[in-house]
Number of protein chains: 4
Amino acid sequence: MEFMLEEFEPIASQYPVLLFDSYGVIKSSKGLVPGIERTFEWLKAEKKEYYIITNDASRSPKQLAQGFHKMGLKAIQPERIISSGMLAKEFLNLKVRKGKVAYLGTEDSAHYIEHRGLEAVPINDLTDEQMQEVVALVLLDDEGFDWVSGINKSVNLLRRRAIPAIVANADGAYPVSSHDVSVAIGGLSWLIEKIVGKKFIRFGKPDAQIFMFAWEILQSRFPGIKKKDALMIGDTLQTDILGGNKFGLDTMLVLTGNTLPQDYLTRIMGTGITPTFICHAAVVER
Amino acid sequence: MEFMLEEFEPIASQYPVLLFDSYGVIKSSKGLVPGIERTFEWLKAEKKEYYIITNDASRSPKQLAQGFHKMGLKAIQPERIISSGMLAKEFLNLKVRKGKVAYLGTEDSAHYIEHRGLEAVPINDLTDEQMQEVVALVLLDDEGFDWVSGINKSVNLLRRRAIPAIVANADGAYPVSSHDVSVAIGGLSWLIEKIVGKKFIRFGKPDAQIFMFAWEILQSRFPGIKKKDALMIGDTLQTDILGGNKFGLDTMLVLTGNTLPQDYLTRIMGTGITPTFICHAAVVER
Amino acid sequence: MEFMLEEFEPIASQYPVLLFDSYGVIKSSKGLVPGIERTFEWLKAEKKEYYIITNDASRSPKQLAQGFHKMGLKAIQPERIISSGMLAKEFLNLKVRKGKVAYLGTEDSAHYIEHRGLEAVPINDLTDEQMQEVVALVLLDDEGFDWVSGINKSVNLLRRRAIPAIVANADGAYPVSSHDVSVAIGGLSWLIEKIVGKKFIRFGKPDAQIFMFAWEILQSRFPGIKKKDALMIGDTLQTDILGGNKFGLDTMLVLTGNTLPQDYLTRIMGTGITPTFICHAAVVER
Amino acid sequence: MEFMLEEFEPIASQYPVLLFDSYGVIKSSKGLVPGIERTFEWLKAEKKEYYIITNDASRSPKQLAQGFHKMGLKAIQPERIISSGMLAKEFLNLKVRKGKVAYLGTEDSAHYIEHRGLEAVPINDLTDEQMQEVVALVLLDDEGFDWVSGINKSVNLLRRRAIPAIVANADGAYPVSSHDVSVAIGGLSWLIEKIVGKKFIRFGKPDAQIFMFAWEILQSRFPGIKKKDALMIGDTLQTDILGGNKFGLDTMLVLTGNTLPQDYLTRIMGTGITPTFICHAAVVER
């Protein structure tokens, strides 16, 4: 029968490389997913290669790793984390190069604009005169700025200037408790984009570019690696599974986050997005 | 030749009934449209019937009229003003009837929820417990509430409860100076609607219902009135002109607001929304 | 408990006026809804006022009535049928008045363009030269024309000319068997609209204008009628129920068409569109 | 001054690798872009590396090359052509592997489904029984099938089955003469996607995956190649320029296709999509 729940370890064992989503797979609003530490011990023991691929651009990989450490998951090192913010950073380095970059997000998120030649300006500090000098607008995080003035300034900046608008987190909302969500910067980007009628540049799953970014790192470390060697593990059909599928990877849906045990079947049928495997959690049994 | 600029008075003279949009036709961010007082003197002298049809649900018709008076336009009485908030109010009275109604907007805008049986609760005051008792959510104005908590509470309210969400102002943005705009409550409604994936109920131009509301008043005062007797005058193709056209009225585009003299032709060609007449302003010459 | 199934007759008895959707309420792909004849006998016996409000613009009210007669339902007279095509016709008469009108649809559907001054031209017959003379494009039905040439000609006509495009049936698809659907003219209109980037004028439920059209007839026959006197009965949340609700009518969802007994609750919760009543069928018990 | 027209050769000389769009850059509805042969002679003389990156999935690279040859451009070899169909083919090989694949397109386009294990079934030949066995739907080209039955069968196939739908050409329309366009398979995909409410998998510019596909070939031939070494040349802001920009390449807009000399500035300002360079044509001066 199709779409049956399977056990994690026998499947994961078959892949030399494992790619994990963060929120809903490793941690949730309540803390670490129970038992996830065992998975990371197993990864080490089995000498598996793994990466965390996350749409979280609110903090640098180093800060994201520290977040895991504080929760008790010591295994994850910054160089294992690939965030959509890193794609935004690469874009700025390659395409924008120098000048003032206005941003929506926390001070921590501005890490992704740090580069010689680029000057990060918080959207709320942007003066009318500076608008003429801004060379790009970057949407990093929903926190760290006043929404009313930040959103309206973004709208008027983009109405006046033909500059790229980059969205470093494509998610519309994120869970803050077992039943509530909060609007993410990706959601705010829809609003601004619709008001100004211009096309934004979005990084993060399901877009292929973040997978490619990870892939280039993998290829440099394991020349000859093939797509069938990697498994993408995620809790969200529209980002993790769709993105992994499109990139050509095998995919595993876990039910510890956005997709609930009682409605994963309805969601798969309703969206047509089909994971290769479905497991309750990305957790190795005792 | 098509789409030529014509004079206001010779056209307006032909219609017993004139319907005016407010913002961009009578007033703008800089105050009254120059010379508009003459138009209202002329309307009185010529015994024309007229109404202001506005998507502004931030205040009651009485307060909106007082706003005109403060600007020096004494002629406009509250009963001449038909706002999209009045449609929201009618909907609540007919369909919701009793219970707590959460709203986004100023205290003034809550006027449209005043009705025996209904209790207006500002979105920011709404407690978790009250969410279970709320029978409708009404989006009235972009001011009067904290955006972060108000938008997120609205999202979670609609995720938990199958209640109607009513938008009393369909506009996405409104001008605040000669080149800048501000996101309107209609814009915020797009964001919330997209996040929750539910269909909101929208009142205001170009939707036919606000024209029908005006029409019923006209019919009660002038039995036998026909659609060819009325002219809709507005500055925005997508609301005033599209709505008036669809309702079957003749329409006049004026160039004192959203549509500028240098690009009205491009806009008409680009949208396919064609006014019957185009005038520089809804102003009677000296 | 909310959203319980109730019996039809006790509810219907309370309303002097009943408005029925056609497809999914009176008939389906398999013929008449079983027992629906009893409902129309009861309507006559009880001297209820009733109308059929349909998004079907493929044929004239007379032909639609003949369709019911052939199926064995003799009671329905053409003057009881209000189709979205009648709104398109009113628009053409009021706003377009004279000239060539290109249309997508069957010859029968062209009934709605018949008016002195207007000349209906099937889209497939439209020559390159005639394109310059066309004053409106009307989308009536998905049948009666070759899709490839009809859709492409419509696209290029609207790219060349700033003329109104009118959609007389807002439905995206319609059922052709118990599990299959067919793309409706409303669906084709989305495609053309998106390609040309212009805003079409749509008539039909859930838009208020078709309810207003019915209401004006009712008011002329029953002066003083109030919205609380009428009940809208339909099988589709997004058109019949949303439209009826927005217009201010009480609404009844029936489960003989688009909304199935096993998922009406999920659909109501998922859309937030809430009928006043839910019945298995619009059928009077024996 | 920004956005000035520059000459092609001095810019192109600076890049070891040149990536060309096909339609609107090399050829148009009228044949080869005048003088384009000189460009390909120059590429050869200068030993430039180049690729054609096209959203055309109607034929195989070999057939596309033959098309150029017939027009008189002998230089382009099949291995220089990267089409979005090749991405669809890779997806099928990696993710679908075996079973019946229904397709919309010409017999030539079915080339992209040829693979041991996969059986290509034209959508119009698909029987009701076969629907249960189909493992994927691929949209390749707007020609080669009857639209009415092909579109409706696609809709019902996707309503019944949770299978991936792959779009091998993301373009909505393509030019067929100097002023007319034809709806492309990407446009038809919007219609089907909207009716069934499922998310399709799209390949082709502006999506990063087609650039990555080209990049992997380049890297295998020129280890150590950097993004600053390549220039993407295209006529369409929304696909060639946006996609190239997002991938991190320098981009050149040419005015021999979708973007006209008289409105390139308006388009750039309106979309916010900014090419690094703008040239009249990708043509080397005599």
# chains A, B, ... in the order shown; residues from 1 in each chain; ligands from 1
>>> interface_residues(of="chain A", to="chain B", cutoff="7 Å", atoms="only C-alpha atoms", output="PyMOL selection string")
chain A and resi 147-148+152+156+172+180-183+187+190-191+195
>>> write_last_selection(atoms="N, CA and C atoms", output="PDB file, in the first residue's frame")
ATOM      1  N   TRP A 147       6.648  47.484  12.127  1.00  0.00           N
ATOM      2  CA  TRP A 147       6.000  47.051  10.891  1.00  0.00           C
ATOM      3  C   TRP A 147       5.390  48.207  10.105  1.00  0.00           C
ATOM      4  N   VAL A 148       4.669  49.085  10.767  1.00  0.00           N
ATOM      5  CA  VAL A 148       3.973  50.151  10.031  1.00  0.00           C
ATOM      6  C   VAL A 148       4.971  50.969   9.216  1.00  0.00           C
ATOM      7  N   ASN A 152       5.747  50.449   5.075  1.00  0.00           N
ATOM      8  CA  ASN A 152       5.447  51.598   4.215  1.00  0.00           C
ATOM      9  C   ASN A 152       6.708  52.190   3.578  1.00  0.00           C
ATOM     10  N   ASN A 156       7.463  52.520  -0.517  1.00  0.00           N
ATOM     11  CA  ASN A 156       7.805  53.768  -1.205  1.00  0.00           C
ATOM     12  C   ASN A 156       9.212  53.757  -1.790  1.00  0.00           C
ATOM     13  N   GLY A 172       5.702  31.867   4.474  1.00  0.00           N
ATOM     14  CA  GLY A 172       4.677  32.858   4.755  1.00  0.00           C
ATOM     15  C   GLY A 172       4.417  33.025   6.243  1.00  0.00           C
ATOM     16  N   ASP A 180      -0.801  27.926  17.089  1.00  0.00           N
ATOM     17  CA  ASP A 180      -0.737  29.274  16.520  1.00  0.00           C
ATOM     18  C   ASP A 180       0.498  29.488  15.639  1.00  0.00           C
ATOM     19  N   VAL A 181       0.353  30.427  14.713  1.00  0.00           N
ATOM     20  CA  VAL A 181       1.476  30.785  13.850  1.00  0.00           C
ATOM     21  C   VAL A 181       1.743  32.278  13.947  1.00  0.00           C
ATOM     22  N   SER A 182       2.854  32.689  13.382  1.00  0.00           N
ATOM     23  CA  SER A 182       3.204  34.101  13.288  1.00  0.00           C
ATOM     24  C   SER A 182       3.549  34.363  11.826  1.00  0.00           C
ATOM     25  N   VAL A 183       3.175  35.543  11.324  1.00  0.00           N
ATOM     26  CA  VAL A 183       3.492  35.896   9.947  1.00  0.00           C
ATOM     27  C   VAL A 183       5.010  36.063   9.818  1.00  0.00           C
ATOM     28  N   GLY A 187       5.797  36.272   4.249  1.00  0.00           N
ATOM     29  CA  GLY A 187       4.418  36.760   4.175  1.00  0.00           C
ATOM     30  C   GLY A 187       4.385  38.267   3.955  1.00  0.00           C
ATOM     31  N   TRP A 190       4.974  39.211   0.390  1.00  0.00           N
ATOM     32  CA  TRP A 190       3.834  39.102  -0.543  1.00  0.00           C
ATOM     33  C   TRP A 190       3.062  40.410  -0.581  1.00  0.00           C
ATOM     34  N   LEU A 191       2.845  40.979   0.615  1.00  0.00           N
ATOM     35  CA  LEU A 191       2.085  42.222   0.724  1.00  0.00           C
ATOM     36  C   LEU A 191       2.790  43.339  -0.034  1.00  0.00           C
ATOM     37  N   ILE A 195       1.571  45.276  -3.525  1.00  0.00           N
ATOM     38  CA  ILE A 195       1.301  46.727  -3.543  1.00  0.00           C
ATOM     39  C   ILE A 195       2.141  47.410  -4.631  1.00  0.00           C
TER      40      ILE A 195
END
>>> select_by_dssp(residues="segment 150-199 of chain D", states="strand (DSSP E)", output="PyMOL selection string")
chain D and resi 165-167+173-175+181-183
>>> residues_around(residues="segment 4-14 of chain B", least_positions_apart="3", cutoff="7 Å", atoms="only C-alpha atoms", output="JSON, numbers by chain")
{"B": [1, 278, 279, 280, 282, 283, 284]}
>>> write_last_selection(atoms="N, CA and C atoms", output="mmCIF file, in the first residue's frame")
data_model
loop_
_atom_site.group_PDB
_atom_site.id
_atom_site.type_symbol
_atom_site.label_atom_id
_atom_site.label_comp_id
_atom_site.auth_asym_id
_atom_site.auth_seq_id
_atom_site.Cartn_x
_atom_site.Cartn_y
_atom_site.Cartn_z
ATOM 1 N N MET B 1 -11.256 61.940 -32.161
ATOM 2 C CA MET B 1 -10.257 61.055 -31.553
ATOM 3 C C MET B 1 -10.724 60.590 -30.182
ATOM 4 N N ILE B 278 -13.133 61.847 -19.989
ATOM 5 C CA ILE B 278 -11.941 62.179 -19.207
ATOM 6 C C ILE B 278 -11.867 63.692 -19.055
ATOM 7 N N CYS B 279 -11.723 64.165 -17.806
ATOM 8 C CA CYS B 279 -11.597 65.601 -17.554
ATOM 9 C C CYS B 279 -10.369 65.833 -16.684
ATOM 10 N N HIS B 280 -9.814 67.002 -16.773
ATOM 11 C CA HIS B 280 -8.678 67.300 -15.923
ATOM 12 C C HIS B 280 -9.081 67.231 -14.451
ATOM 13 N N ALA B 282 -12.782 67.597 -11.577
ATOM 14 C CA ALA B 282 -14.228 67.700 -11.444
ATOM 15 C C ALA B 282 -14.582 69.114 -11.005
ATOM 16 N N VAL B 283 -14.069 70.074 -11.749
ATOM 17 C CA VAL B 283 -14.150 71.465 -11.321
ATOM 18 C C VAL B 283 -14.841 72.307 -12.399
ATOM 19 N N VAL B 284 -15.829 73.083 -11.961
ATOM 20 C CA VAL B 284 -16.531 73.995 -12.855
ATOM 21 C C VAL B 284 -15.652 75.225 -13.077
#
>>> closest_residue(among="B:Asn169, B:Thr259, B:Thr39, B:Gln132", to="Ile241 of chain B", atoms="only C-alpha atoms")
B:Thr259
>>> residues_around(residues="segment 66-72 of chain D", least_positions_apart="5", cutoff="9 Å", atoms="only C-alpha atoms", output="JSON, numbers by chain")
{"D": [27, 31, 32, 37, 61, 77, 78]}
>>> select_by_dssp(residues="segment 149-233 of chain A", states="helix (DSSP H, G or I)", output="number ranges by chain")
A: 149-160, 185-196, 208-221, 227-229
>>> residues_around(residues="Leu260 of chain C", least_positions_apart="5", cutoff="10 Å", atoms="only C-alpha atoms", output="list of chain:residue names")
C:Asp235, C:Thr236, C:Val254, C:Leu255, C:Leu265, C:Arg267, C:His280
>>> residues_around(residues="segment 94-102 of chain A", least_positions_apart="6", cutoff="6 Å", atoms="only C-alpha atoms", output="NGL selection string")
(:A and (117-123 or 134-137)) or (:D and (248))
>>> residues_around(residues="Gly257 of chain D", least_positions_apart="5", cutoff="10 Å", atoms="only C-alpha atoms", output="PDB file with N, CA and C atoms, in the first residue's frame")
ATOM      1  N   SER D  22      17.396  31.946 -26.941  1.00  0.00           N
ATOM      2  CA  SER D  22      17.222  31.675 -28.365  1.00  0.00           C
ATOM      3  C   SER D  22      16.257  32.673 -29.017  1.00  0.00           C
ATOM      4  N   TYR D  23      14.963  32.521 -28.667  1.00  0.00           N
ATOM      5  CA  TYR D  23      13.924  33.316 -29.320  1.00  0.00           C
ATOM      6  C   TYR D  23      13.996  34.773 -28.863  1.00  0.00           C
ATOM      7  N   GLY D  24      14.145  35.687 -29.817  1.00  0.00           N
ATOM      8  CA  GLY D  24      14.231  37.104 -29.478  1.00  0.00           C
ATOM      9  C   GLY D  24      15.671  37.585 -29.418  1.00  0.00           C
ATOM     10  N   VAL D  25      16.615  36.639 -29.424  1.00  0.00           N
ATOM     11  CA  VAL D  25      18.035  37.006 -29.366  1.00  0.00           C
ATOM     12  C   VAL D  25      18.749  36.521 -30.629  1.00  0.00           C
ATOM     13  N   ILE D  26      18.548  35.231 -30.956  1.00  0.00           N
ATOM     14  CA  ILE D  26      19.180  34.652 -32.146  1.00  0.00           C
ATOM     15  C   ILE D  26      18.208  34.656 -33.322  1.00  0.00           C
ATOM     16  N   LYS D  27      16.952  34.302 -33.025  1.00  0.00           N
ATOM     17  CA  LYS D  27      15.942  34.273 -34.086  1.00  0.00           C
ATOM     18  C   LYS D  27      14.668  34.942 -33.588  1.00  0.00           C
ATOM     19  N   SER D  28      13.758  35.208 -34.535  1.00  0.00           N
ATOM     20  CA  SER D  28      12.457  35.760 -34.174  1.00  0.00           C
ATOM     21  C   SER D  28      11.426  35.169 -35.121  1.00  0.00           C
ATOM     22  N   SER D  29      10.193  35.651 -35.041  1.00  0.00           N
ATOM     23  CA  SER D  29       9.162  35.114 -35.937  1.00  0.00           C
ATOM     24  C   SER D  29       9.497  35.393 -37.395  1.00  0.00           C
ATOM     25  N   VAL D  33      17.890  36.887 -36.420  1.00  0.00           N
ATOM     26  CA  VAL D  33      18.139  38.295 -36.135  1.00  0.00           C
ATOM     27  C   VAL D  33      19.244  38.756 -37.092  1.00  0.00           C
ATOM     28  N   PRO D 175       5.757  35.008 -29.103  1.00  0.00           N
ATOM     29  CA  PRO D 175       5.385  35.823 -30.256  1.00  0.00           C
ATOM     30  C   PRO D 175       5.277  35.002 -31.533  1.00  0.00           C
ATOM     31  N   SER D 178       5.057  40.176 -35.515  1.00  0.00           N
ATOM     32  CA  SER D 178       5.595  41.362 -34.845  1.00  0.00           C
ATOM     33  C   SER D 178       4.633  41.901 -33.797  1.00  0.00           C
ATOM     34  N   GLY D 234      19.726  38.036 -22.971  1.00  0.00           N
ATOM     35  CA  GLY D 234      18.343  37.688 -23.266  1.00  0.00           C
ATOM     36  C   GLY D 234      17.506  38.895 -23.614  1.00  0.00           C
ATOM     37  N   ASP D 235      16.303  38.617 -24.125  1.00  0.00           N
ATOM     38  CA  ASP D 235      15.406  39.701 -24.544  1.00  0.00           C
ATOM     39  C   ASP D 235      14.247  39.910 -23.558  1.00  0.00           C
ATOM     40  N   THR D 236      14.149  39.041 -22.545  1.00  0.00           N
ATOM     41  CA  THR D 236      12.975  39.099 -21.672  1.00  0.00           C
ATOM     42  C   THR D 236      13.399  39.331 -20.225  1.00  0.00           C
ATOM     43  N   ALA D 281      21.320  44.778 -29.989  1.00  0.00           N
ATOM     44  CA  ALA D 281      21.235  43.391 -30.433  1.00  0.00           C
ATOM     45  C   ALA D 281      22.507  42.660 -30.018  1.00  0.00           C
TER      46      ALA D 281
END
